[in-house]
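Novice: My structure is in upload_31.cif, and what it holds is mmCIF, C-alpha atoms and all ligand atoms; chains and numbers go by the auth columns:
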data_protein
#
loop_
_atom_site.group_PDB
_atom_site.id
_atom_site.type_symbol
_atom_site.label_atom_id
_atom_site.label_comp_id
_atom_site.label_asym_id
_atom_site.label_seq_id
_atom_site.Cartn_x
_atom_site.Cartn_y
_atom_site.Cartn_z
_atom_site.B_iso_or_equiv
_atom_site.auth_seq_id
_atom_site.auth_asym_id
ATOM 1 C CA MET A 1 -16.052 -9.275 -14.049 0.00 1 A
ATOM 2 C CA ILE A 2 -13.570 -6.754 -12.648 0.00 2 A
ATOM 3 C CA LYS A 3 -9.959 -7.469 -13.643 0.00 3 A
ATOM 4 C CA LEU A 4 -7.034 -6.409 -11.491 0.00 4 A
ATOM 5 C CA TYR A 5 -3.475 -6.429 -12.831 0.00 5 A
ATOM 6 C CA THR A 6 -1.481 -6.907 -9.707 0.00 6 A
ATOM 7 C CA ASN A 7 1.621 -8.204 -7.992 0.00 7 A
ATOM 8 C CA ARG A 8 1.671 -9.806 -4.540 0.00 8 A
ATOM 9 C CA LEU A 9 4.678 -7.715 -3.503 0.00 9 A
ATOM 10 C CA SER A 10 3.222 -4.358 -4.562 0.00 10 A
ATOM 11 C CA ASN A 11 1.817 -2.366 -1.672 0.00 11 A
ATOM 12 C CA ASN A 12 -0.052 -0.093 -4.100 0.00 12 A
ATOM 13 C CA ALA A 13 -1.762 -3.096 -5.671 0.00 13 A
ATOM 14 C CA ARG A 14 -2.399 -4.549 -2.216 0.00 14 A
ATOM 15 C CA ARG A 15 -4.447 -1.448 -1.341 0.00 15 A
ATOM 16 C CA VAL A 16 -6.870 -2.337 -4.126 0.00 16 A
ATOM 17 C CA GLN A 17 -6.947 -6.046 -3.356 0.00 17 A
ATOM 18 C CA VAL A 18 -7.831 -5.329 0.273 0.00 18 A
ATOM 19 C CA ALA A 19 -10.638 -2.974 -0.841 0.00 19 A
ATOM 20 C CA LEU A 20 -12.051 -5.578 -3.249 0.00 20 A
ATOM 21 C CA LEU A 21 -12.050 -8.225 -0.516 0.00 21 A
ATOM 22 C CA GLU A 22 -13.585 -5.880 2.053 0.00 22 A
ATOM 23 C CA LYS A 23 -16.382 -5.121 -0.392 0.00 23 A
ATOM 24 C CA GLY A 24 -16.846 -8.784 -1.278 0.00 24 A
ATOM 25 C CA LEU A 25 -16.271 -8.004 -4.957 0.00 25 A
ATOM 26 C CA GLU A 26 -15.204 -10.841 -7.207 0.00 26 A
ATOM 27 C CA ALA A 27 -12.270 -9.973 -9.408 0.00 27 A
ATOM 28 C CA GLU A 28 -9.980 -11.786 -11.782 0.00 28 A
ATOM 29 C CA LEU A 29 -6.445 -11.224 -10.497 0.00 29 A
ATOM 30 C CA ILE A 30 -3.897 -11.039 -13.304 0.00 30 A
ATOM 31 C CA PRO A 31 -0.361 -11.273 -11.938 0.00 31 A
ATOM 32 C CA VAL A 32 2.240 -9.033 -13.558 0.00 32 A
ATOM 33 C CA LYS A 33 5.853 -10.004 -12.902 0.00 33 A
ATOM 34 C CA LEU A 34 7.796 -6.810 -12.364 0.00 34 A
ATOM 35 C CA ASN A 35 10.902 -8.275 -13.984 0.00 35 A
ATOM 36 C CA GLY A 36 10.065 -6.844 -17.390 0.00 36 A
ATOM 37 C CA GLU A 37 6.507 -8.000 -17.993 0.00 37 A
ATOM 38 C CA GLN A 38 5.345 -4.484 -17.097 0.00 38 A
ATOM 39 C CA PHE A 39 7.151 -3.188 -20.222 0.00 39 A
ATOM 40 C CA GLN A 40 5.360 -5.566 -22.602 0.00 40 A
ATOM 41 C CA PRO A 41 3.256 -3.691 -25.197 0.00 41 A
ATOM 42 C CA ASP A 42 -0.007 -5.259 -23.971 0.00 42 A
ATOM 43 C CA PHE A 43 0.551 -3.986 -20.467 0.00 43 A
ATOM 44 C CA LEU A 44 1.886 -0.595 -21.593 0.00 44 A
ATOM 45 C CA ALA A 45 -1.358 -0.162 -23.530 0.00 45 A
ATOM 46 C CA LEU A 46 -3.147 -0.356 -20.169 0.00 46 A
ATOM 47 C CA ASN A 47 -0.630 1.699 -18.212 0.00 47 A
ATOM 48 C CA PRO A 48 2.030 3.623 -20.153 0.00 48 A
ATOM 49 C CA PHE A 49 3.794 4.247 -16.824 0.00 49 A
ATOM 50 C CA HIS A 50 4.385 0.447 -16.474 0.00 50 A
ATOM 51 C CA LYS A 51 3.017 0.085 -12.968 0.00 51 A
ATOM 52 C CA VAL A 52 0.516 -2.055 -11.096 0.00 52 A
ATOM 53 C CA PRO A 53 -2.251 -1.818 -10.066 0.00 53 A
ATOM 54 C CA VAL A 54 -4.469 -1.477 -13.118 0.00 54 A
ATOM 55 C CA LEU A 55 -8.188 -2.072 -12.704 0.00 55 A
ATOM 56 C CA VAL A 56 -10.469 -2.852 -15.630 0.00 56 A
ATOM 57 C CA ASP A 57 -14.217 -2.746 -15.018 0.00 57 A
ATOM 58 C CA GLY A 58 -16.199 -3.098 -18.233 0.00 58 A
ATOM 59 C CA ASP A 59 -15.067 -0.344 -20.590 0.00 59 A
ATOM 60 C CA LEU A 60 -13.248 1.550 -17.808 0.00 60 A
ATOM 61 C CA THR A 61 -9.496 1.188 -17.329 0.00 61 A
ATOM 62 C CA LEU A 62 -8.028 2.871 -14.275 0.00 62 A
ATOM 63 C CA ILE A 63 -4.482 3.317 -13.015 0.00 63 A
ATOM 64 C CA GLU A 64 -3.332 4.915 -9.722 0.00 64 A
ATOM 65 C CA SER A 65 -4.367 3.018 -6.614 0.00 65 A
ATOM 66 C CA LEU A 66 -5.965 5.968 -4.802 0.00 66 A
ATOM 67 C CA ALA A 67 -8.151 6.789 -7.797 0.00 67 A
ATOM 68 C CA ILE A 68 -9.113 3.119 -8.002 0.00 68 A
ATOM 69 C CA LEU A 69 -10.060 3.095 -4.307 0.00 69 A
ATOM 70 C CA ASP A 70 -12.294 6.131 -4.842 0.00 70 A
ATOM 71 C CA TYR A 71 -13.913 4.516 -7.887 0.00 71 A
ATOM 72 C CA LEU A 72 -14.638 1.289 -6.011 0.00 72 A
ATOM 73 C CA ASP A 73 -16.198 3.230 -3.160 0.00 73 A
ATOM 74 C CA ALA A 74 -18.416 5.313 -5.405 0.00 74 A
ATOM 75 C CA GLN A 75 -19.416 2.476 -7.714 0.00 75 A
ATOM 76 C CA TYR A 76 -19.742 -0.258 -5.061 0.00 76 A
ATOM 77 C CA PRO A 77 -20.581 1.664 -1.881 0.00 77 A
ATOM 78 C CA ASP A 78 -21.438 -1.269 0.378 0.00 78 A
ATOM 79 C CA PRO A 79 -19.622 -1.420 2.725 0.00 79 A
ATOM 80 C CA PRO A 80 -18.194 2.099 2.461 0.00 80 A
ATOM 81 C CA LEU A 81 -14.463 2.613 2.914 0.00 81 A
ATOM 82 C CA LEU A 82 -14.860 6.385 3.139 0.00 82 A
ATOM 83 C CA PRO A 83 -16.703 8.236 5.890 0.00 83 A
ATOM 84 C CA THR A 84 -19.337 10.827 5.019 0.00 84 A
ATOM 85 C CA ALA A 85 -18.924 13.357 7.851 0.00 85 A
ATOM 86 C CA PRO A 86 -16.833 16.234 6.451 0.00 86 A
ATOM 87 C CA ARG A 87 -14.252 16.179 9.262 0.00 87 A
ATOM 88 C CA ASP A 88 -13.856 12.389 9.045 0.00 88 A
ATOM 89 C CA LEU A 89 -13.446 12.508 5.277 0.00 89 A
ATOM 90 C CA ALA A 90 -10.808 15.225 5.674 0.00 90 A
ATOM 91 C CA GLN A 91 -8.997 13.074 8.256 0.00 91 A
ATOM 92 C CA VAL A 92 -8.893 10.117 5.857 0.00 92 A
ATOM 93 C CA ARG A 93 -7.485 12.313 3.083 0.00 93 A
ATOM 94 C CA MET A 94 -4.939 13.877 5.457 0.00 94 A
ATOM 95 C CA LEU A 95 -3.718 10.527 6.799 0.00 95 A
ATOM 96 C CA THR A 96 -3.515 9.110 3.280 0.00 96 A
ATOM 97 C CA GLN A 97 -1.622 12.105 1.925 0.00 97 A
ATOM 98 C CA VAL A 98 0.872 11.864 4.788 0.00 98 A
ATOM 99 C CA GLN A 99 1.521 8.294 3.649 0.00 99 A
ATOM 100 C CA VAL A 100 2.065 9.395 0.042 0.00 100 A
ATOM 101 C CA GLN A 101 3.974 12.635 0.647 0.00 101 A
ATOM 102 C CA GLU A 102 5.935 11.895 3.819 0.00 102 A
ATOM 103 C CA MET A 103 6.190 8.141 4.281 0.00 103 A
ATOM 104 C CA THR A 104 6.737 6.789 0.762 0.00 104 A
ATOM 105 C CA PRO A 105 9.859 8.929 0.075 0.00 105 A
ATOM 106 C CA LEU A 106 11.367 7.564 3.310 0.00 106 A
ATOM 107 C CA ILE A 107 10.573 3.942 2.466 0.00 107 A
ATOM 108 C CA PHE A 108 12.519 4.007 -0.821 0.00 108 A
ATOM 109 C CA PRO A 109 16.059 4.540 0.566 0.00 109 A
ATOM 110 C CA LEU A 110 15.370 2.026 3.344 0.00 110 A
ATOM 111 C CA LEU A 111 14.156 -0.578 0.869 0.00 111 A
ATOM 112 C CA LYS A 112 17.113 0.056 -1.421 0.00 112 A
ATOM 113 C CA GLU A 113 19.557 -0.419 1.400 0.00 113 A
ATOM 114 C CA LYS A 114 17.762 -3.596 2.463 0.00 114 A
ATOM 115 C CA VAL A 115 18.102 -5.193 -0.992 0.00 115 A
ATOM 116 C CA GLY A 116 21.759 -4.223 -1.348 0.00 116 A
ATOM 117 C CA ILE A 117 21.544 -1.092 -3.527 0.00 117 A
ATOM 118 C CA SER A 118 24.076 1.417 -2.288 0.00 118 A
ATOM 119 C CA VAL A 119 22.567 4.413 -0.450 0.00 119 A
ATOM 120 C CA ALA A 120 24.560 7.078 1.436 0.00 120 A
ATOM 121 C CA ALA A 121 24.628 6.313 5.181 0.00 121 A
ATOM 122 C CA ASP A 122 23.318 9.769 6.133 0.00 122 A
ATOM 123 C CA VAL A 123 20.313 9.340 3.803 0.00 123 A
ATOM 124 C CA VAL A 124 19.429 6.044 5.520 0.00 124 A
ATOM 125 C CA GLU A 125 19.902 7.561 8.974 0.00 125 A
ATOM 126 C CA THR A 126 17.704 10.565 8.144 0.00 126 A
ATOM 127 C CA ALA A 127 15.009 8.297 6.697 0.00 127 A
ATOM 128 C CA GLN A 128 15.005 6.196 9.861 0.00 128 A
ATOM 129 C CA THR A 129 14.731 9.260 12.111 0.00 129 A
ATOM 130 C CA GLN A 130 11.995 10.865 10.038 0.00 130 A
ATOM 131 C CA MET A 131 10.091 7.586 9.892 0.00 131 A
ATOM 132 C CA GLN A 132 9.892 7.665 13.684 0.00 132 A
ATOM 133 C CA MET A 133 8.204 11.058 13.384 0.00 133 A
ATOM 134 C CA VAL A 134 5.687 9.669 10.880 0.00 134 A
ATOM 135 C CA LEU A 135 4.939 6.646 13.081 0.00 135 A
ATOM 136 C CA SER A 136 4.463 8.883 16.140 0.00 136 A
ATOM 137 C CA PHE A 137 2.060 11.024 14.122 0.00 137 A
ATOM 138 C CA TYR A 138 -0.047 8.006 13.212 0.00 138 A
ATOM 139 C CA ASP A 139 0.210 6.658 16.743 0.00 139 A
ATOM 140 C CA ARG A 140 -1.275 9.894 18.112 0.00 140 A
ATOM 141 C CA HIS A 141 -4.201 9.589 15.688 0.00 141 A
ATOM 142 C CA LEU A 142 -4.992 6.135 17.052 0.00 142 A
ATOM 143 C CA ILE A 143 -5.177 6.996 20.759 0.00 143 A
ATOM 144 C CA GLU A 144 -8.280 5.250 22.090 0.00 144 A
ATOM 145 C CA HIS A 145 -9.347 4.417 18.527 0.00 145 A
ATOM 146 C CA ASP A 146 -9.923 0.983 16.992 0.00 146 A
ATOM 147 C CA PHE A 147 -9.347 2.457 13.501 0.00 147 A
ATOM 148 C CA PHE A 148 -8.320 5.946 12.367 0.00 148 A
ATOM 149 C CA ILE A 149 -12.008 6.817 12.122 0.00 149 A
ATOM 150 C CA PRO A 150 -13.434 5.203 15.265 0.00 150 A
ATOM 151 C CA GLY A 151 -15.765 2.326 14.468 0.00 151 A
ATOM 152 C CA GLN A 152 -15.088 2.382 10.714 0.00 152 A
ATOM 153 C CA PHE A 153 -12.387 0.623 8.700 0.00 153 A
ATOM 154 C CA THR A 154 -11.508 3.081 5.920 0.00 154 A
ATOM 155 C CA GLN A 155 -9.094 3.818 3.084 0.00 155 A
ATOM 156 C CA ALA A 156 -6.778 5.400 5.671 0.00 156 A
ATOM 157 C CA ASP A 157 -6.370 2.058 7.466 0.00 157 A
ATOM 158 C CA ILE A 158 -5.678 0.352 4.150 0.00 158 A
ATOM 159 C CA VAL A 159 -3.176 2.881 2.788 0.00 159 A
ATOM 160 C CA VAL A 160 -1.241 3.379 6.019 0.00 160 A
ATOM 161 C CA GLY A 161 -1.558 -0.290 7.022 0.00 161 A
ATOM 162 C CA VAL A 162 0.019 -1.799 3.905 0.00 162 A
ATOM 163 C CA SER A 163 3.009 0.528 4.319 0.00 163 A
ATOM 164 C CA VAL A 164 3.383 -0.270 7.998 0.00 164 A
ATOM 165 C CA ALA A 165 3.394 -3.929 6.893 0.00 165 A
ATOM 166 C CA ILE A 166 6.514 -3.216 4.822 0.00 166 A
ATOM 167 C CA LEU A 167 8.203 -1.578 7.810 0.00 167 A
ATOM 168 C CA ASP A 168 7.287 -4.495 10.030 0.00 168 A
ATOM 169 C CA ALA A 169 7.688 -7.539 7.790 0.00 169 A
ATOM 170 C CA PHE A 170 10.443 -6.427 5.422 0.00 170 A
ATOM 171 C CA LEU A 171 12.404 -3.627 7.056 0.00 171 A
ATOM 172 C CA GLY A 172 12.305 -5.036 10.602 0.00 172 A
ATOM 173 C CA PHE A 173 10.988 -1.876 12.310 0.00 173 A
ATOM 174 C CA ASP A 174 10.110 -2.320 15.972 0.00 174 A
ATOM 175 C CA LEU A 175 6.540 -1.073 16.373 0.00 175 A
ATOM 176 C CA THR A 176 6.246 -1.778 20.110 0.00 176 A
ATOM 177 C CA PRO A 177 7.125 1.816 21.182 0.00 177 A
ATOM 178 C CA TYR A 178 4.070 2.977 19.219 0.00 178 A
ATOM 179 C CA THR A 179 1.519 1.227 21.419 0.00 179 A
ATOM 180 C CA ASN A 180 -1.654 2.503 19.732 0.00 180 A
ATOM 181 C CA LEU A 181 -0.260 1.827 16.268 0.00 181 A
ATOM 182 C CA ALA A 182 0.947 -1.658 17.260 0.00 182 A
ATOM 183 C CA ALA A 183 -2.500 -2.567 18.660 0.00 183 A
ATOM 184 C CA TRP A 184 -4.180 -1.222 15.511 0.00 184 A
ATOM 185 C CA TYR A 185 -1.767 -3.179 13.310 0.00 185 A
ATOM 186 C CA ASP A 186 -2.665 -6.393 15.197 0.00 186 A
ATOM 187 C CA ARG A 187 -6.320 -5.536 14.611 0.00 187 A
ATOM 188 C CA LEU A 188 -5.729 -5.267 10.860 0.00 188 A
ATOM 189 C CA TYR A 189 -4.255 -8.777 10.897 0.00 189 A
ATOM 190 C CA GLN A 190 -7.515 -10.150 12.264 0.00 190 A
ATOM 191 C CA ARG A 191 -9.233 -9.219 8.995 0.00 191 A
ATOM 192 C CA PRO A 192 -9.423 -11.919 6.304 0.00 192 A
ATOM 193 C CA SER A 193 -8.610 -9.249 3.671 0.00 193 A
ATOM 194 C CA TRP A 194 -5.320 -8.632 5.451 0.00 194 A
ATOM 195 C CA GLN A 195 -4.363 -12.261 5.916 0.00 195 A
ATOM 196 C CA THR A 196 -5.174 -13.108 2.275 0.00 196 A
ATOM 197 C CA THR A 197 -3.033 -10.311 0.856 0.00 197 A
ATOM 198 C CA GLN A 198 -0.034 -10.454 3.203 0.00 198 A
ATOM 199 C CA PRO A 199 2.924 -11.909 1.263 0.00 199 A
ATOM 200 C CA ASN A 200 4.657 -14.730 3.108 0.00 200 A
ATOM 201 C CA PRO A 201 8.435 -14.685 3.740 0.00 201 A
ATOM 202 C CA MET A 202 9.053 -17.188 0.921 0.00 202 A
ATOM 203 C CA GLU A 203 7.211 -14.973 -1.585 0.00 203 A
ATOM 204 C CA VAL A 204 9.314 -12.020 -0.456 0.00 204 A
ATOM 205 C CA MET A 205 12.575 -13.992 -0.813 0.00 205 A
ATOM 206 C CA THR A 206 11.622 -15.220 -4.290 0.00 206 A
ATOM 207 C CA ALA A 207 10.679 -11.717 -5.411 0.00 207 A
ATOM 208 C CA LEU A 208 13.881 -10.047 -4.181 0.00 208 A
ATOM 209 C CA PRO A 209 15.450 -9.794 -7.682 0.00 209 A
ATOM 210 C CA GLN A 210 12.222 -8.167 -8.985 0.00 210 A
ATOM 211 C CA ILE A 211 12.149 -5.730 -6.069 0.00 211 A
ATOM 212 C CA ARG A 212 15.814 -4.867 -6.656 0.00 212 A
ATOM 213 C CA ALA A 213 15.237 -4.283 -10.391 0.00 213 A
ATOM 214 C CA VAL A 214 12.239 -1.998 -9.788 0.00 214 A
ATOM 215 C CA LEU A 215 14.050 -0.009 -7.081 0.00 215 A
ATOM 216 C CA LYS A 216 17.163 0.398 -9.250 0.00 216 A
ATOM 217 C CA GLN A 217 15.193 2.222 -11.926 0.00 217 A
ATOM 218 C CA ARG A 218 13.874 4.763 -9.367 0.00 218 A
ATOM 219 C CA SER A 219 15.987 7.790 -8.492 0.00 219 A
HETATM 220 N N1 LIG B . 1.168 5.964 -7.745 0.00 301 A
HETATM 221 C C1 LIG B . 0.988 4.612 -8.223 0.00 301 A
HETATM 222 C C2 LIG B . 2.278 3.854 -7.927 0.00 301 A
HETATM 223 C C3 LIG B . 2.245 2.443 -8.499 0.00 301 A
HETATM 224 C C4 LIG B . 3.611 1.767 -8.344 0.00 301 A
HETATM 225 O O1 LIG B . 4.628 2.404 -8.021 0.00 301 A
HETATM 226 N N2 LIG B . 3.639 0.462 -8.602 0.00 301 A
HETATM 227 C C5 LIG B . 4.894 -0.278 -8.527 0.00 301 A
HETATM 228 C C6 LIG B . 4.743 -1.474 -7.593 0.00 301 A
HETATM 229 S S1 LIG B . 4.382 -0.942 -5.943 0.00 301 A
HETATM 230 C C7 LIG B . 5.229 -0.829 -9.911 0.00 301 A
HETATM 231 O O2 LIG B . 4.377 -1.425 -10.549 0.00 301 A
HETATM 232 N N3 LIG B . 6.467 -0.630 -10.384 0.00 301 A
HETATM 233 C C8 LIG B . 6.934 -1.164 -11.629 0.00 301 A
HETATM 234 C C9 LIG B . 7.770 -0.166 -12.379 0.00 301 A
HETATM 235 O O3 LIG B . 7.958 0.970 -11.894 0.00 301 A
HETATM 236 O O4 LIG B . 8.263 -0.527 -13.464 0.00 301 A
HETATM 237 C C10 LIG B . -0.225 3.981 -7.521 0.00 301 A
HETATM 238 O O5 LIG B . -0.546 4.419 -6.411 0.00 301 A
HETATM 239 O O6 LIG B . -0.854 3.086 -8.102 0.00 301 A
#
Represent the structure from my file as structure tokens, please.
Specialist:
Amino acid sequence: MIKLYTNRLSNNARRVQVALLEKGLEAELIPVKLNGEQFQPDFLALNPFHKVPVLVDGDLTLIESLAILDYLDAQYPDPPLLPTAPRDLAQVRMLTQVQVQEMTPLIFPLLKEKVGISVAADVVETAQTQMQMVLSFYDRHLIEHDFFIPGQFTQADIVVGVSVAILDAFLGFDLTPYTNLAAWYDRLYQRPSWQTTQPNPMEVMTALPQIRAVLKQRS
């Protein structure tokens, strides 16, 4: 059986959990507490960079959530989470890369500030302003679309969606000005894979010290 080393509060691990659920794949979920457990020798042997997710499938051990998503899609193609039309595939990669390259660096200072790690006020302000640009970009790509690729739930919905969940549920962003994005986000919540993997407020509160410790070690 597939094993997934994971943490309920990790959005990178959540990407993989959503994909497994969407594909109806059974997996043993192995929780890793990010309060030091990720530095234990057994876990470092799986991922020397001490991060979840790690997926083990038979003799294959994979780190990096996007690589894991690609593996799951190639190895277990039904239902597909990647489109086949060249322009659709390029769109998924573009939207995903914008999350990684543009959105993630903005989330870090906002998260740090939220958990009480000191961040310069101008850095927070810039991150908030630039985040509006990112959200507007995604909003434009959802005009008259149910999902980023019309009619198909894909990796782009997963990768962007789990980050928007942080903005909404943890950072208190108001999504209502982004009407297409807000409607899409509601649509994601209708999926069992989304409901199962969404951490509840109590889980978030309990994990705050872990989140703070992980964020402190990042520049
Ligand atoms: N690029 C990696 C990032 C993984 C990552 O940053 N995981 C975080 C949780 S979201 C983690 O495990 N951090 C623990 C640590 O840095 O010690 C991926 O996409 O899988």
Novice: Could you spell out the hits of the PyMOL selection byres (((not hetatm)) within 10 of (chain A and resi 301)) on the shown file, as JSON, numbers by chain?
Specialist: {"A": [5, 6, 7, 8, 9, 10, 11, 12, 13, 14, 15, 16, 32, 33, 34, 35, 36, 37, 38, 39, 47, 49, 50, 51, 52, 53, 54, 62, 63, 64, 65, 66, 67, 68, 69, 100, 159, 210, 211, 213, 214, 215, 216, 217, 218]}
Novice: Go ahead and compute the interatomic distance for CA of Met94 (chain A) and CA of Lys23 (chain A), in Å to one decimal.
Specialist: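 Interatomic distance here is 22.9 Å.
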Novice: So how far away is CA of Tyr185 (chain A) from CA of Gly161 (chain A), in Å?
Specialist: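 Rounded to one decimal, the two atoms are 6.9 Å apart.
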Novice: As a check of understanding, name the residues that the PyMOL selection byres (((chain A and resi 196) around 12) and not hetatm) selects in the supplied structure, as a VMD selection string.
Specialist: chain A and resid 8 14 17 to 22 188 to 195 197 to 200
Novice: Hey, can you check how far CA of Val92 (chain A) sits from CA of Leu175 (chain A)?
Specialist: 21.8 Å
Novice: Each residue of region 98-122 of chain A lying at most 9 Å from region 130-154 of chain A should get a row with its shortest atom-to-atom pair and the distance in Å to one decimal, counting all atoms listed in the file; could you produce that, ordered by chain and increasing number, as a Markdown table?
Specialist:
| residue | atom | partner | partner_atom | distance |
| --- | --- | --- | --- | --- |
| A:Val98 | CA | A:Val134 | CA | 8.1 |
| A:Gln99 | CA | A:Val134 | CA | 8.5 |
| A:Glu102 | CA | A:Val134 | CA | 7.4 |
| A:Met103 | CA | A:Val134 | CA | 6.8 |
| A:Leu106 | CA | A:Met131 | CA | 6.7 |
| A:Ile107 | CA | A:Met131 | CA | 8.3 |
Novice: Between A:Gly116, A:Val124, A:Asp168, A:Trp184, which is the closest to Arg212 (chain A) once you count all atoms listed in the file?
Specialist: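 The answer is A:Gly116, which sits nearest to Arg212 (chain A).
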Novice: Using only C-alpha atoms, which of the listed residues (A:Val160, A:Leu110, A:Ala74, A:Val119) sits closest to Leu181 (chain A)?
Specialist: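 Checking each of A:Val160, A:Leu110, A:Ala74, A:Val119 against Leu181 (chain A), counting only C-alpha atoms, the winner is A:Val160.
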Novice: Could you tell me, as a list in words, exactly which residues end up selected when the PyMOL selection byres (((chain A and resi 3) around 7) and not hetatm) is applied to this structure?
Specialist: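 With the PyMOL selection byres (((chain A and resi 3) around 7) and not hetatm) on this model, the match is Met1, Ile2, Leu4, Tyr5, Ala27, Glu28, Leu29, Leu55, Val56 and Asp57 of chain A.
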Novice: Report the centre and edge lengths, in Å to one decimal, of an axis-aligned box enclosing every atom of region 159-166 of chain A listed in the file, padded by 8 Å on each side, as JSON.
Specialist:
{"center_x": 1.7, "center_y": -0.3, "center_z": 5.4, "size_x": 25.7, "size_y": 23.3, "size_z": 21.2}
Novice: Identify which of the residues A:Gly58, A:Gln155, A:Thr96, A:Thr104 lies closest to Asp73 (chain A), counting all atoms listed in the file when measuring atom-to-atom distances.
Specialist: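 Nearest candidate to Asp73 (chain A) out of A:Gly58, A:Gln155, A:Thr96, A:Thr104: A:Gln155.
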